[in-house]
Amino acid sequence: MVCTAGPAASGALSVMRETLGMTMEMFIHDETPTDEVDRREKVLSGLADSVRDLVDATIRSTVPDDELAAVRAEVAALAARLRRQQLPGPAGVHYNSEGRSWNWGNAVVGLGNAVAPPVEIVHDAFGSAYAEMTLGAAYEGPPGMVHGGVSALMLDQIMGETASGFKRLTMTGTLTLRYRRPLPLGPVRMDARIAGEEGRKITVEARIGVPGEDTAVEATGLFLIPRWASVDETEQGWSRSAEG
Ligand SMILES: CCCCCCCC/C=C\CCCCCCCC(=O)SCCNC(=O)CCNC(=O)[C@H](O)C(C)(C)COP(=O)(O)OP(=O)(O)OC[C@H]1O[C@@H](n2cnc3c(N)ncnc32)[C@H](O)[C@@H]1OP(=O)(O)O
């Protein structure tokens, strides 16, 4: 199941706009029809996949210096082509009235972001979520191991989505991590669940590790519904839709 934002969020969104100005303008009500969004997403994510491969190939390449320089010139020419038409700023979070949302620039799940693995997070109806992905050479910290900040980044995303449930806006207040053992680069799995709720405070617990092996990093987070976003839940309409 993939979570998406629904149309009735506009009331809450206008609260955000009034409160945070430009920052929350990043939640964009965008009436691009879903089929057009799907088509664009497919093409853009294909390009991002190739750029991701380019990042990995760059890190690991051992070709001679003159070949590196030649590739650099070609890559610069490609970037110039993409810059012929650009957004004025980051990609933001978009949603349409059909309940489709897209956040192609997100650092963890953004399908248009070659810096993101990207992670596909699967949510259940009971406040739990998991994700399986492969973290390659671009995410290295200690030799051959996942960077501790990358683990924190991945966990923050799955925990934030779990706290939000796509029905309310939550922000990370406090994130506590215990690095129990090094996490090798390669296939990893994350799990998260809501451990408690009290007013605007949602506690989430999560872990990341090699699939089927002991936890490498465990996390507890306090996620807050900001005072300014704390509106009547019945006015909120961020919904989930099954997309496979
Ligand atoms: C409506 C529908 C819309 C739905 C939209 C859904 C979209 C979903 C999409 C996708 C899911 C999300 C996926 C994203 C994942 C990534 C998450 C991130 O990386 S978030 C970026 C990093 N975090 C920040 O930048 C926060 C910066 N801090 C703040 O903005 C504020 O400090 C905030 C909101 C955290 C708190 O501000 P206050 O004004 O609401 O808080 P006060 O009213 O003062 O406190 C309330 C209670 O909370 C405690 N508190 C406040 N801040 C705390 C903190 N940082 N840690 C622990 N406790 C804190 C206080 O002591 C107080 O507790 P007492 O009621 O007295 O017991």
# chains A, B, ... in the order shown; residues from 1 in each chain; ligands from 1

call {"tool": "residues_near_ligand", "arguments": {"ligand": "ligand 1", "cutoff": "6 Å", "atoms": "only C-alpha atoms and all ligand atoms", "output": "PyMOL selection string"}}
result
chain A and resi 9+12+156-157+160-161+164+166-169+171-174+224+226-227+236+238

call {"tool": "residues_around", "arguments": {"residues": "A:Met159", "least_positions_apart": "2", "cutoff": "9 Å", "atoms": "only C-alpha atoms", "output": "VMD selection string"}}
result
chain A and resid 129 154 to 157 161 to 164 172 191 to 194 204 to 206 219 to 221 223

call {"tool": "write_last_selection", "arguments": {"atoms": "C-alpha atoms", "output": "CSV table (one decimal), in the first residue's frame"}}
result
chain,number,residue,atom,x,y,z
A,129,ALA,CA,5.3,0.1,8.7
A,154,MET,CA,16.0,6.5,6.9
A,155,LEU,CA,14.5,5.9,10.3
A,156,ASP,CA,13.3,9.4,10.7
A,157,GLN,CA,11.3,9.1,7.5
A,161,GLU,CA,5.3,8.6,8.2
A,162,THR,CA,4.1,6.1,10.8
A,163,ALA,CA,3.4,8.9,13.3
A,164,SER,CA,1.5,10.9,10.7
A,172,THR,CA,10.2,15.1,14.6
A,191,ASP,CA,10.3,-1.6,10.9
A,192,ALA,CA,8.4,1.0,12.8
A,193,ARG,CA,5.3,1.1,15.0
A,194,ILE,CA,3.4,3.6,17.1
A,204,VAL,CA,7.3,5.8,17.6
A,205,GLU,CA,9.7,2.9,17.9
A,206,ALA,CA,11.7,1.6,15.0
A,219,ALA,CA,15.3,4.2,17.5
A,220,THR,CA,12.7,5.9,19.7
A,221,GLY,CA,11.1,9.1,18.5
A,223,PHE,CA,6.8,13.2,17.0

call {"tool": "residues_around", "arguments": {"residues": "stretch 135-147 of chain A", "least_positions_apart": "5", "cutoff": "8 Å", "atoms": "only C-alpha atoms", "output": "number ranges by chain"}}
result
A: 55-56, 59-60, 117, 182-188

call {"tool": "residues_around", "arguments": {"residues": "A:Val93", "least_positions_apart": "2", "cutoff": "7 Å", "atoms": "only C-alpha atoms", "output": "ChimeraX atom specification"}}
result
/A:26-28,91,95,102-103

call {"tool": "atom_distance", "arguments": {"atom1": "atom CA of A:Val108", "atom2": "atom CA of A:Val150"}}
result
9.5 Å

call {"tool": "residues_around", "arguments": {"residues": "A:Gly105", "least_positions_apart": "3", "cutoff": "7 Å", "atoms": "only C-alpha atoms", "output": "PDB file with N, CA and C atoms, in the first residue's frame"}}
result
ATOM      1  N   PRO A  90      12.888  23.838  -4.539  1.00  0.00           N
ATOM      2  CA  PRO A  90      12.753  22.381  -4.393  1.00  0.00           C
ATOM      3  C   PRO A  90      11.398  21.869  -4.881  1.00  0.00           C
ATOM      4  N   ALA A  91      11.287  20.533  -4.979  1.00  0.00           N
ATOM      5  CA  ALA A  91      10.104  19.934  -5.610  1.00  0.00           C
ATOM      6  C   ALA A  91       8.843  20.034  -4.754  1.00  0.00           C
ATOM      7  N   GLY A  92       8.980  20.065  -3.413  1.00  0.00           N
ATOM      8  CA  GLY A  92       7.814  20.186  -2.544  1.00  0.00           C
ATOM      9  C   GLY A  92       6.942  18.946  -2.543  1.00  0.00           C
ATOM     10  N   GLY A 110      11.870  10.055  -2.335  1.00  0.00           N
ATOM     11  CA  GLY A 110      11.629  10.821  -3.568  1.00  0.00           C
ATOM     12  C   GLY A 110      12.024  10.055  -4.827  1.00  0.00           C
ATOM     13  N   GLY A 112      12.121  11.082  -7.783  1.00  0.00           N
ATOM     14  CA  GLY A 112      12.904  11.894  -8.713  1.00  0.00           C
ATOM     15  C   GLY A 112      14.251  12.292  -8.132  1.00  0.00           C
ATOM     16  N   ASN A 113      14.575  11.773  -6.963  1.00  0.00           N
ATOM     17  CA  ASN A 113      15.773  12.205  -6.247  1.00  0.00           C
ATOM     18  C   ASN A 113      16.814  11.087  -6.251  1.00  0.00           C
TER      19      ASN A 113
END

call {"tool": "select_by_dssp", "arguments": {"residues": "chain A", "states": "helix (DSSP H, G or I)", "output": "VMD selection string"}}
result
chain A and resid 7 to 26 34 to 60 65 to 82 137 to 139 148 to 164 227 to 229 233 to 235

call {"tool": "closest_residue", "arguments": {"among": "A:Gly199, A:Leu111, A:Val63, A:Arg72", "to": "A:Ser230", "atoms": "only C-alpha atoms"}}
result
A:Gly199

call {"tool": "atom_distance", "arguments": {"atom1": "atom CA of A:Glu198", "atom2": "atom CA of A:Ala229"}}
result
15.8 Å
